[in-house]
file structure-v1.cif (mmCIF, C-alpha atoms)
data_final
#
loop_
_atom_site.label_atom_id
_atom_site.label_comp_id
_atom_site.auth_asym_id
_atom_site.auth_seq_id
_atom_site.Cartn_x
_atom_site.Cartn_y
_atom_site.Cartn_z
CA MET A 1 -9.53 159.89 75.92
CA LYS A 2 -7.76 162.68 74.11
CA ALA A 3 -7.78 163.58 70.46
CA ARG A 4 -5.42 165.89 68.65
CA VAL A 5 -6.50 167.51 65.41
CA HIS A 6 -3.98 169.00 63.01
CA VAL A 7 -5.48 171.54 60.65
CA MET A 8 -3.37 172.64 57.68
CA LEU A 9 -4.06 174.66 54.56
CA LYS A 10 -4.55 172.36 51.61
CA ASN A 11 -1.71 171.96 49.16
CA GLY A 12 -1.87 174.65 46.53
CA VAL A 13 -3.55 177.19 48.82
CA LEU A 14 -1.15 180.09 49.24
CA ASP A 15 -0.24 180.62 52.90
CA PRO A 16 0.70 184.31 53.36
CA GLN A 17 1.56 183.77 57.04
CA GLY A 18 3.82 180.84 56.28
CA GLU A 19 5.52 182.96 53.62
CA ALA A 20 6.08 185.78 56.14
CA VAL A 21 7.64 183.29 58.57
CA ARG A 22 9.88 181.96 55.81
CA HIS A 23 11.10 185.49 55.02
CA ALA A 24 11.71 186.21 58.70
CA LEU A 25 13.75 182.99 59.05
CA GLY A 26 15.81 184.04 56.04
CA ALA A 27 16.39 187.46 57.60
CA LEU A 28 17.69 185.72 60.76
CA GLY A 29 20.25 183.87 58.69
CA PHE A 30 18.49 180.50 58.53
CA ASP A 31 19.27 179.55 54.97
CA GLY A 32 17.86 176.52 53.28
CA VAL A 33 14.22 176.92 54.27
CA ASP A 34 12.39 176.33 51.03
CA GLY A 35 8.89 176.69 52.35
CA VAL A 36 6.89 177.21 55.53
CA ARG A 37 3.29 176.16 56.07
CA GLN A 38 1.49 177.29 59.19
CA GLY A 39 -1.42 175.37 60.66
CA LYS A 40 -3.04 174.76 63.99
CA VAL A 41 -3.29 172.01 66.54
CA ILE A 42 -6.50 171.50 68.51
CA GLU A 43 -6.55 169.15 71.51
CA LEU A 44 -9.81 167.70 72.70
CA ASP A 45 -10.59 165.93 75.99
CA LEU A 46 -13.30 163.42 75.23
CA THR A 47 -15.58 161.40 77.49
CA GLU A 48 -15.78 158.69 74.81
CA SER A 49 -13.62 155.66 75.63
CA ASP A 50 -13.92 153.75 72.37
CA PRO A 51 -11.20 154.93 69.96
CA GLU A 52 -13.22 154.21 66.82
CA ALA A 53 -16.27 156.06 68.09
CA ALA A 54 -14.04 158.93 69.23
CA ARG A 55 -12.43 159.18 65.81
CA HIS A 56 -15.83 159.17 64.16
CA ASN A 57 -17.09 161.95 66.46
CA VAL A 58 -14.00 164.09 65.95
CA MET A 59 -14.29 163.69 62.19
CA GLN A 60 -17.81 165.12 62.40
CA MET A 61 -16.47 168.00 64.49
CA CYS A 62 -13.80 168.70 61.87
CA GLU A 63 -16.30 168.67 59.03
CA LYS A 64 -18.77 170.89 60.86
CA LEU A 65 -16.52 173.38 62.62
CA LEU A 66 -12.85 172.69 63.31
CA ALA A 67 -11.68 172.88 59.70
CA ASN A 68 -12.95 174.86 56.74
CA THR A 69 -12.68 172.13 54.15
CA VAL A 70 -12.81 174.66 51.32
CA ILE A 71 -9.21 175.62 52.14
CA GLU A 72 -8.07 173.32 54.95
CA SER A 73 -7.36 169.65 55.47
CA TYR A 74 -7.22 167.89 58.82
CA GLN A 75 -5.66 164.87 60.47
CA ILE A 76 -6.94 163.23 63.63
CA GLU A 77 -4.80 161.52 66.26
CA ILE A 78 -6.51 159.57 69.00
CA LEU A 79 -4.24 159.50 72.07
CA MET B 1 -39.09 197.49 53.77
CA ARG B 2 -38.07 195.89 57.06
CA ALA B 3 -34.42 195.18 57.71
CA ALA B 4 -32.78 193.19 60.47
CA VAL B 5 -29.16 193.63 61.52
CA ILE B 6 -27.59 190.69 63.35
CA VAL B 7 -25.36 191.58 66.29
CA PHE B 8 -22.65 189.15 67.37
CA PRO B 9 -20.31 189.63 70.29
CA GLY B 10 -17.49 191.53 68.59
CA SER B 11 -19.57 193.09 65.81
CA ASN B 12 -18.51 196.71 65.45
CA CYS B 13 -20.21 197.91 62.26
CA ASP B 14 -23.74 196.99 63.34
CA ARG B 15 -24.69 200.55 64.23
CA ASP B 16 -23.19 201.94 60.99
CA MET B 17 -25.26 199.35 59.15
CA ALA B 18 -28.38 200.42 61.06
CA VAL B 19 -27.74 204.07 60.10
CA ALA B 20 -27.42 203.07 56.44
CA PHE B 21 -30.74 201.23 56.44
CA GLU B 22 -32.46 204.03 58.32
CA ARG B 23 -31.09 206.60 55.88
CA ALA B 24 -32.32 204.58 52.91
CA THR B 25 -35.68 203.38 54.23
CA GLY B 26 -36.69 205.96 56.82
CA HIS B 27 -37.11 203.17 59.38
CA ALA B 28 -34.64 201.91 61.94
CA PRO B 29 -33.86 198.21 61.37
CA VAL B 30 -34.46 195.60 64.04
CA MET B 31 -31.25 194.68 65.83
CA VAL B 32 -31.15 190.91 66.47
CA TRP B 33 -28.80 189.38 69.05
CA HIS B 34 -26.89 186.24 68.05
CA LYS B 35 -28.58 184.08 70.69
CA GLU B 36 -32.02 184.57 69.16
CA THR B 37 -33.29 181.49 67.37
CA ALA B 38 -35.71 183.22 64.99
CA LEU B 39 -35.84 186.38 62.92
CA PRO B 40 -38.62 188.90 63.61
CA ASP B 41 -41.72 188.47 61.43
CA GLY B 42 -41.96 190.42 58.21
CA VAL B 43 -38.24 190.95 57.66
CA ASP B 44 -37.30 191.57 53.99
CA VAL B 45 -33.55 191.77 54.29
CA VAL B 46 -31.01 190.57 56.86
CA ALA B 47 -27.59 192.18 57.23
CA LEU B 48 -24.54 190.54 58.80
CA PRO B 49 -22.29 193.45 59.80
CA GLY B 50 -18.55 193.88 59.96
CA GLY B 51 -16.42 193.45 63.03
CA PHE B 52 -14.63 190.63 64.79
CA SER B 53 -17.39 188.25 65.80
CA TYR B 54 -16.27 185.97 68.64
CA GLY B 55 -12.84 187.58 68.47
CA ASP B 56 -12.13 185.90 65.11
CA TYR B 57 -11.42 182.74 67.14
CA LEU B 58 -10.73 179.56 65.17
CA ARG B 59 -11.30 181.31 61.79
CA CYS B 60 -12.92 184.65 60.94
CA GLY B 61 -16.68 184.15 61.04
CA ALA B 62 -16.46 180.44 61.90
CA ILE B 63 -18.13 180.55 65.30
CA ALA B 64 -20.71 183.15 64.24
CA ALA B 65 -21.71 180.92 61.33
CA ARG B 66 -22.71 178.20 63.83
CA SER B 67 -24.58 180.56 66.21
CA PRO B 68 -28.30 180.06 66.86
CA ILE B 69 -29.40 183.07 64.81
CA CYS B 70 -27.43 181.91 61.77
CA GLN B 71 -29.58 178.78 61.60
CA ALA B 72 -32.53 181.15 61.20
CA VAL B 73 -30.63 183.24 58.64
CA ALA B 74 -29.86 180.08 56.64
CA GLY B 75 -33.55 179.18 56.65
CA PHE B 76 -34.47 182.72 55.59
CA ALA B 77 -31.97 182.57 52.71
CA ALA B 78 -33.21 179.13 51.65
CA LYS B 79 -36.69 180.62 51.24
CA GLY B 80 -35.29 183.34 48.96
CA GLY B 81 -34.73 186.01 51.61
CA ALA B 82 -32.22 188.77 50.82
CA VAL B 83 -29.05 188.65 52.92
CA LEU B 84 -26.20 191.16 52.89
CA GLY B 85 -22.88 190.33 54.53
CA VAL B 86 -20.23 193.02 54.76
CA CYS B 87 -16.62 192.34 55.76
CA ASN B 88 -16.88 189.95 58.74
CA GLY B 89 -20.44 189.35 57.51
CA PHE B 90 -19.02 188.13 54.18
CA GLN B 91 -16.68 185.80 56.10
CA VAL B 92 -19.68 184.48 58.04
CA LEU B 93 -21.61 183.83 54.80
CA THR B 94 -18.77 181.78 53.34
CA GLU B 95 -18.41 179.85 56.61
CA MET B 96 -22.17 179.16 56.53
CA GLY B 97 -21.79 177.83 53.01
CA LEU B 98 -24.27 180.41 51.63
CA LEU B 99 -21.51 181.75 49.38
CA PRO B 100 -18.65 179.77 47.80
CA GLY B 101 -14.96 180.25 48.57
CA ALA B 102 -13.19 181.47 51.70
CA LEU B 103 -11.54 184.66 52.92
CA MET B 104 -7.92 184.23 53.88
CA ARG B 105 -5.22 186.49 55.31
CA ASN B 106 -4.42 189.42 52.99
CA ALA B 107 -1.64 188.50 50.58
CA GLY B 108 0.52 191.33 51.98
CA ILE B 109 -0.16 190.15 55.59
CA LYS B 110 -1.11 193.65 56.72
CA PHE B 111 -4.46 194.92 57.95
CA ILE B 112 -5.61 197.37 55.28
CA CYS B 113 -7.85 200.33 56.08
CA LYS B 114 -8.30 202.68 53.14
CA SER B 115 -10.64 203.83 50.42
CA THR B 116 -10.70 201.55 47.39
CA GLU B 117 -12.07 201.83 43.88
CA LEU B 118 -14.56 199.16 42.91
CA ASP B 119 -16.05 198.33 39.55
CA VAL B 120 -19.65 197.19 39.49
CA VAL B 121 -19.74 193.91 37.57
CA SER B 122 -23.24 192.44 37.90
CA THR B 123 -26.25 194.71 38.34
CA ASP B 124 -28.55 191.69 38.34
CA SER B 125 -29.31 191.56 42.07
CA PRO B 126 -31.45 193.51 44.55
CA PHE B 127 -28.26 195.01 45.98
CA THR B 128 -26.63 196.21 42.78
CA SER B 129 -29.57 197.10 40.54
CA ALA B 130 -29.24 200.81 41.35
CA TYR B 131 -25.74 200.87 39.84
CA LYS B 132 -24.67 200.77 36.22
CA PRO B 133 -22.49 197.95 34.86
CA GLY B 134 -18.87 199.09 34.92
CA GLN B 135 -19.63 201.99 37.26
CA ARG B 136 -16.58 202.95 39.33
CA LEU B 137 -17.31 203.32 43.05
CA GLN B 138 -15.27 204.67 45.92
CA ILE B 139 -15.88 202.44 48.97
CA PRO B 140 -13.58 201.89 51.96
CA ILE B 141 -12.16 198.58 53.12
CA ALA B 142 -10.90 197.70 56.61
CA HIS B 143 -9.80 194.10 56.97
CA HIS B 144 -7.02 191.65 57.68
CA ASP B 145 -8.60 188.63 56.05
CA GLY B 146 -10.15 189.72 52.77
CA ASN B 147 -8.16 187.61 50.35
CA TYR B 148 -10.98 185.86 48.49
CA THR B 149 -9.90 182.32 47.70
CA ILE B 150 -11.78 179.96 45.42
CA GLY B 151 -10.89 177.04 43.17
CA ASP B 152 -10.47 177.66 39.44
CA ALA B 153 -13.56 175.69 38.47
CA ASP B 154 -15.75 177.52 40.99
CA LEU B 155 -14.29 180.86 39.91
CA ALA B 156 -15.12 180.10 36.29
CA ARG B 157 -18.63 179.16 37.37
CA LEU B 158 -19.07 182.47 39.24
CA GLN B 159 -17.95 184.34 36.15
CA GLY B 160 -20.11 182.27 33.83
CA GLU B 161 -23.18 182.83 35.99
CA ASP B 162 -22.54 186.59 36.31
CA ARG B 163 -22.28 186.27 40.08
CA ILE B 164 -19.39 188.68 40.65
CA ALA B 165 -20.97 191.84 42.06
CA PHE B 166 -17.86 193.97 42.48
CA ARG B 167 -14.19 193.81 41.51
CA TYR B 168 -11.32 195.89 42.92
CA ALA B 169 -9.85 198.27 40.36
CA ASP B 170 -6.49 197.81 42.11
CA ASN B 171 -6.50 194.50 44.02
CA PRO B 172 -5.42 195.34 47.59
CA ASN B 173 -5.45 191.89 49.20
CA GLY B 174 -4.68 189.17 46.65
CA SER B 175 -8.31 188.19 46.01
CA ALA B 176 -8.85 185.71 43.17
CA GLY B 177 -10.16 187.47 40.08
CA ASP B 178 -9.91 190.85 41.93
CA ILE B 179 -13.23 189.88 43.52
CA ALA B 180 -14.61 192.25 46.15
CA GLY B 181 -18.18 190.93 46.29
CA VAL B 182 -20.06 187.80 45.16
CA LEU B 183 -23.67 186.75 44.78
CA SER B 184 -25.37 183.48 45.62
CA GLU B 185 -26.86 181.27 42.95
CA ASN B 186 -30.33 182.81 43.43
CA ARG B 187 -28.65 186.29 43.44
CA ARG B 188 -30.30 187.24 46.76
CA VAL B 189 -27.28 186.81 49.00
CA LEU B 190 -24.40 189.28 48.61
CA GLY B 191 -21.10 189.11 50.45
CA MET B 192 -18.57 191.92 50.06
CA MET B 193 -15.44 193.01 51.89
CA PRO B 194 -15.76 196.79 51.25
CA HIS B 195 -18.07 198.76 53.54
CA PRO B 196 -20.94 200.48 51.67
CA GLU B 197 -22.35 201.63 55.03
CA ARG B 198 -19.23 203.76 55.45
CA ALA B 199 -19.84 205.66 52.21
CA LEU B 200 -23.21 207.33 52.71
CA GLU B 201 -22.53 211.07 52.68
CA PRO B 202 -19.93 213.63 51.57
CA ARG B 203 -18.41 213.72 55.04
CA HIS B 204 -17.54 210.02 54.63
CA GLY B 205 -15.51 210.94 51.57
CA SER B 206 -17.93 209.14 49.27
CA GLU B 207 -21.68 208.63 48.92
CA ASP B 208 -21.34 205.66 46.59
CA GLY B 209 -22.57 203.10 49.13
CA LEU B 210 -25.97 204.68 49.64
CA ALA B 211 -27.42 203.41 46.34
CA LEU B 212 -26.94 199.81 47.49
CA PHE B 213 -29.34 200.39 50.39
CA GLN B 214 -31.70 202.65 48.44
CA GLY B 215 -31.90 200.12 45.62
CA LEU B 216 -33.19 197.50 48.06
CA VAL B 217 -36.15 199.64 49.07
CA GLY B 218 -38.12 199.55 45.85
CA LEU B 219 -37.15 196.03 44.85
CA LEU B 220 -37.90 194.30 48.10
CA GLU B 221 -41.15 196.20 48.60
CA THR B 222 -42.51 195.19 45.25
CA ALA B 223 -41.26 191.61 45.63
#
call {"tool": "encode", "arguments": {"input": "structure-v1.cif", "output": "structure tokens"}}
result
Amino acid sequence: MKARVHVMLKNGVLDPQGEAVRHALGALGFDGVDGVRQGKVIELDLTESDPEAARHNVMQMCEKLLANTVIESYQIEIL
Amino acid sequence: MRAAVIVFPGSNCDRDMAVAFERATGHAPVMVWHKETALPDGVDVVALPGGFSYGDYLRCGAIAARSPICQAVAGFAAKGGAVLGVCNGFQVLTEMGLLPGALMRNAGIKFICKSTELDVVSTDSPFTSAYKPGQRLQIPIAHHDGNYTIGDADLARLQGEDRIAFRYADNPNGSAGDIAGVLSENRRVLGMMPHPERALEPRHGSEDGLALFQGLVGLLETA
């Protein structure tokens, strides 16, 4: 079973990298980009076969390591 | 006074930190590898040095904060042990939850390596007692992720509890409240982005960092 974790900065946390990307897009002539937020995607190969148990385990992983919940939020997809 | 300096794969200021402690105390600190599960007996202060522990993978300091030795450091801090985290060490302390907030990419995106002016805010800690409130220090910074980020309520709490150790005179990285260094609730854990161990003698351009290490000597020995 696979899980995919999306980690994004929380709303309201300034994202300097996203801002730099937005400026670069503007410089390339891509108008109409109001905002850019940059995050990360983490894919996990799990031995667990029960989706609910897998989700529970991955949530623990997010809380303990994969996301810094002071500044980041996360979403879990079980695939 | 006995100091321990933790060494992670990717630490690169551990030897500078050792020199600073040796200069201040006359004794070389114990260097402790990240895979150790306990601190040596009789340690009074633990330092987490600067560098790029674990290649800054995932987030700066994130992997180091979950390393075996950091479990021991957390236990040491919980018993009132003095812990100093500089630069990457500060990032590790926030990732461990020993200090509030987080260190994000510098607001201007760039890695900044230069001397900065700091104002001493709180002198109520073993690390800052040798300074005077409001004293202006010259201490270098060298970081990419030093933008101290904290919620408004937590920031107000830090201010209310006099837990801001240092502020930048001219904020280089976007840090909330111009914060360069913060103290834990029991005032015995200090995290700071600037490098006091790089300001020990005139040839460094400034000697202002030495007092931080010298101040520890008397306080921790009488404690």
call {"tool": "resolve_selection", "arguments": {"input": "structure-v1.cif", "expression": "the PyMOL selection byres ((chain B) within 10 of (chain A))", "output": "ChimeraX atom specification"}}
result
/B:58-59,62-63,65-66,94-97,100-109,147,149-151,174
call {"tool": "resolve_selection", "arguments": {"input": "structure-v1.cif", "expression": "the PyMOL selection byres ((chain A and resi 2) around 6)", "output": "PyMOL selection string"}}
result
chain A and resi 1+3+44-46+79
call {"tool": "resolve_selection", "arguments": {"input": "structure-v1.cif", "expression": "the PyMOL selection byres ((chain B and resi 8-22) around 10)", "output": "number ranges by chain"}}
result
B: 1-7, 23-35, 47-56, 63-64, 67, 69, 86-89, 195-200, 209-210, 212-214, 216-217
call {"tool": "write_last_selection", "arguments": {"input": "structure-v1.cif", "atoms": "C-alpha atoms", "output": "compact mmCIF listing (two decimals), in the coordinates of the input"}}
result
# COMPACT_ATOMS: atom_id res chain seq x y z
CA MET B 1 -39.09 197.49 53.77
CA ARG B 2 -38.07 195.89 57.06
CA ALA B 3 -34.42 195.18 57.71
CA ALA B 4 -32.78 193.19 60.47
CA VAL B 5 -29.16 193.63 61.52
CA ILE B 6 -27.59 190.69 63.35
CA VAL B 7 -25.36 191.58 66.29
CA ARG B 23 -31.09 206.60 55.88
CA ALA B 24 -32.32 204.58 52.91
CA THR B 25 -35.68 203.38 54.23
CA GLY B 26 -36.69 205.96 56.82
CA HIS B 27 -37.11 203.17 59.38
CA ALA B 28 -34.64 201.91 61.94
CA PRO B 29 -33.86 198.21 61.37
CA VAL B 30 -34.46 195.60 64.04
CA MET B 31 -31.25 194.68 65.83
CA VAL B 32 -31.15 190.91 66.47
CA TRP B 33 -28.80 189.38 69.05
CA HIS B 34 -26.89 186.24 68.05
CA LYS B 35 -28.58 184.08 70.69
CA ALA B 47 -27.59 192.18 57.23
CA LEU B 48 -24.54 190.54 58.80
CA PRO B 49 -22.29 193.45 59.80
CA GLY B 50 -18.55 193.88 59.96
CA GLY B 51 -16.42 193.45 63.03
CA PHE B 52 -14.63 190.63 64.79
CA SER B 53 -17.39 188.25 65.80
CA TYR B 54 -16.27 185.97 68.64
CA GLY B 55 -12.84 187.58 68.47
CA ASP B 56 -12.13 185.90 65.11
CA ILE B 63 -18.13 180.55 65.30
CA ALA B 64 -20.71 183.15 64.24
CA SER B 67 -24.58 180.56 66.21
CA ILE B 69 -29.40 183.07 64.81
CA VAL B 86 -20.23 193.02 54.76
CA CYS B 87 -16.62 192.34 55.76
CA ASN B 88 -16.88 189.95 58.74
CA GLY B 89 -20.44 189.35 57.51
CA HIS B 195 -18.07 198.76 53.54
CA PRO B 196 -20.94 200.48 51.67
CA GLU B 197 -22.35 201.63 55.03
CA ARG B 198 -19.23 203.76 55.45
CA ALA B 199 -19.84 205.66 52.21
CA LEU B 200 -23.21 207.33 52.71
CA GLY B 209 -22.57 203.10 49.13
CA LEU B 210 -25.97 204.68 49.64
CA LEU B 212 -26.94 199.81 47.49
CA PHE B 213 -29.34 200.39 50.39
CA GLN B 214 -31.70 202.65 48.44
CA LEU B 216 -33.19 197.50 48.06
CA VAL B 217 -36.15 199.64 49.07
call {"tool": "residues_around", "arguments": {"input": "structure-v1.cif", "residues": "Gln138 of chain B", "least_positions_apart": "5", "cutoff": "9 Å", "atoms": "all atoms listed in the file", "output": "list in words"}}
result
Ser115, Thr116, Glu117, Leu118, Ala199, Gly205, Ser206, Glu207, Asp208 and Gly209 of chain B
call {"tool": "write_last_selection", "arguments": {"input": "structure-v1.cif", "atoms": "C-alpha atoms", "output": "mmCIF file, in the frame of the given file"}}
result
data_model
loop_
_atom_site.group_PDB
_atom_site.id
_atom_site.type_symbol
_atom_site.label_atom_id
_atom_site.label_comp_id
_atom_site.auth_asym_id
_atom_site.auth_seq_id
_atom_site.Cartn_x
_atom_site.Cartn_y
_atom_site.Cartn_z
ATOM 1 C CA SER B 115 -10.640 203.830 50.420
ATOM 2 C CA THR B 116 -10.700 201.550 47.390
ATOM 3 C CA GLU B 117 -12.070 201.830 43.880
ATOM 4 C CA LEU B 118 -14.560 199.160 42.910
ATOM 5 C CA ALA B 199 -19.840 205.660 52.210
ATOM 6 C CA GLY B 205 -15.510 210.940 51.570
ATOM 7 C CA SER B 206 -17.930 209.140 49.270
ATOM 8 C CA GLU B 207 -21.680 208.630 48.920
ATOM 9 C CA ASP B 208 -21.340 205.660 46.590
ATOM 10 C CA GLY B 209 -22.570 203.100 49.130
#
call {"tool": "residues_around", "arguments": {"input": "structure-v1.cif", "residues": "segment 4-9 of chain A", "least_positions_apart": "3", "cutoff": "6 Å", "atoms": "only C-alpha atoms", "output": "list in words"}}
result
Gly39, Lys40, Val41, Ile42, Glu43, Ile71, Glu72, Ser73, Tyr74, Gln75, Ile76 and Glu77 of chain A
call {"tool": "atom_distance", "arguments": {"input": "structure-v1.cif", "atom1": "atom CA of Arg167 of chain B", "atom2": "atom CA of Gly61 of chain B"}}
result
21.9 Å
call {"tool": "closest_residue", "arguments": {"input": "structure-v1.cif", "among": "B:Gly75, B:Gly81, B:Gly42, B:Gly146", "to": "Asn186 of chain B", "atoms": "all atoms listed in the file"}}
result
B:Gly81
call {"tool": "closest_residue", "arguments": {"input": "structure-v1.cif", "among": "A:Ile78, A:Leu25, A:Gln38, A:Val33", "to": "Arg55 of chain A", "atoms": "all atoms listed in the file"}}
result
A:Ile78
call {"tool": "atom_distance", "arguments": {"input": "structure-v1.cif", "atom1": "atom CA of Arg187 of chain B", "atom2": "atom CA of Leu158 of chain B"}}
result
11.1 Å
call {"tool": "atom_distance", "arguments": {"input": "structure-v1.cif", "atom1": "atom CA of Ala24 of chain A", "atom2": "atom CA of Phe111 of chain B"}}
result
18.4 Å
call {"tool": "residues_around", "arguments": {"input": "structure-v1.cif", "residues": "Val83 of chain B", "least_positions_apart": "5", "cutoff": "9 Å", "atoms": "only C-alpha atoms", "output": "CSV table (one decimal) with C-alpha atoms, keeping the file's coordinate frame"}}
result
chain,number,residue,atom,x,y,z
B,44,ASP,CA,-37.3,191.6,54.0
B,45,VAL,CA,-33.6,191.8,54.3
B,46,VAL,CA,-31.0,190.6,56.9
B,47,ALA,CA,-27.6,192.2,57.2
B,48,LEU,CA,-24.5,190.5,58.8
B,73,VAL,CA,-30.6,183.2,58.6
B,76,PHE,CA,-34.5,182.7,55.6
B,77,ALA,CA,-32.0,182.6,52.7
B,188,ARG,CA,-30.3,187.2,46.8
B,189,VAL,CA,-27.3,186.8,49.0
B,190,LEU,CA,-24.4,189.3,48.6
B,191,GLY,CA,-21.1,189.1,50.4
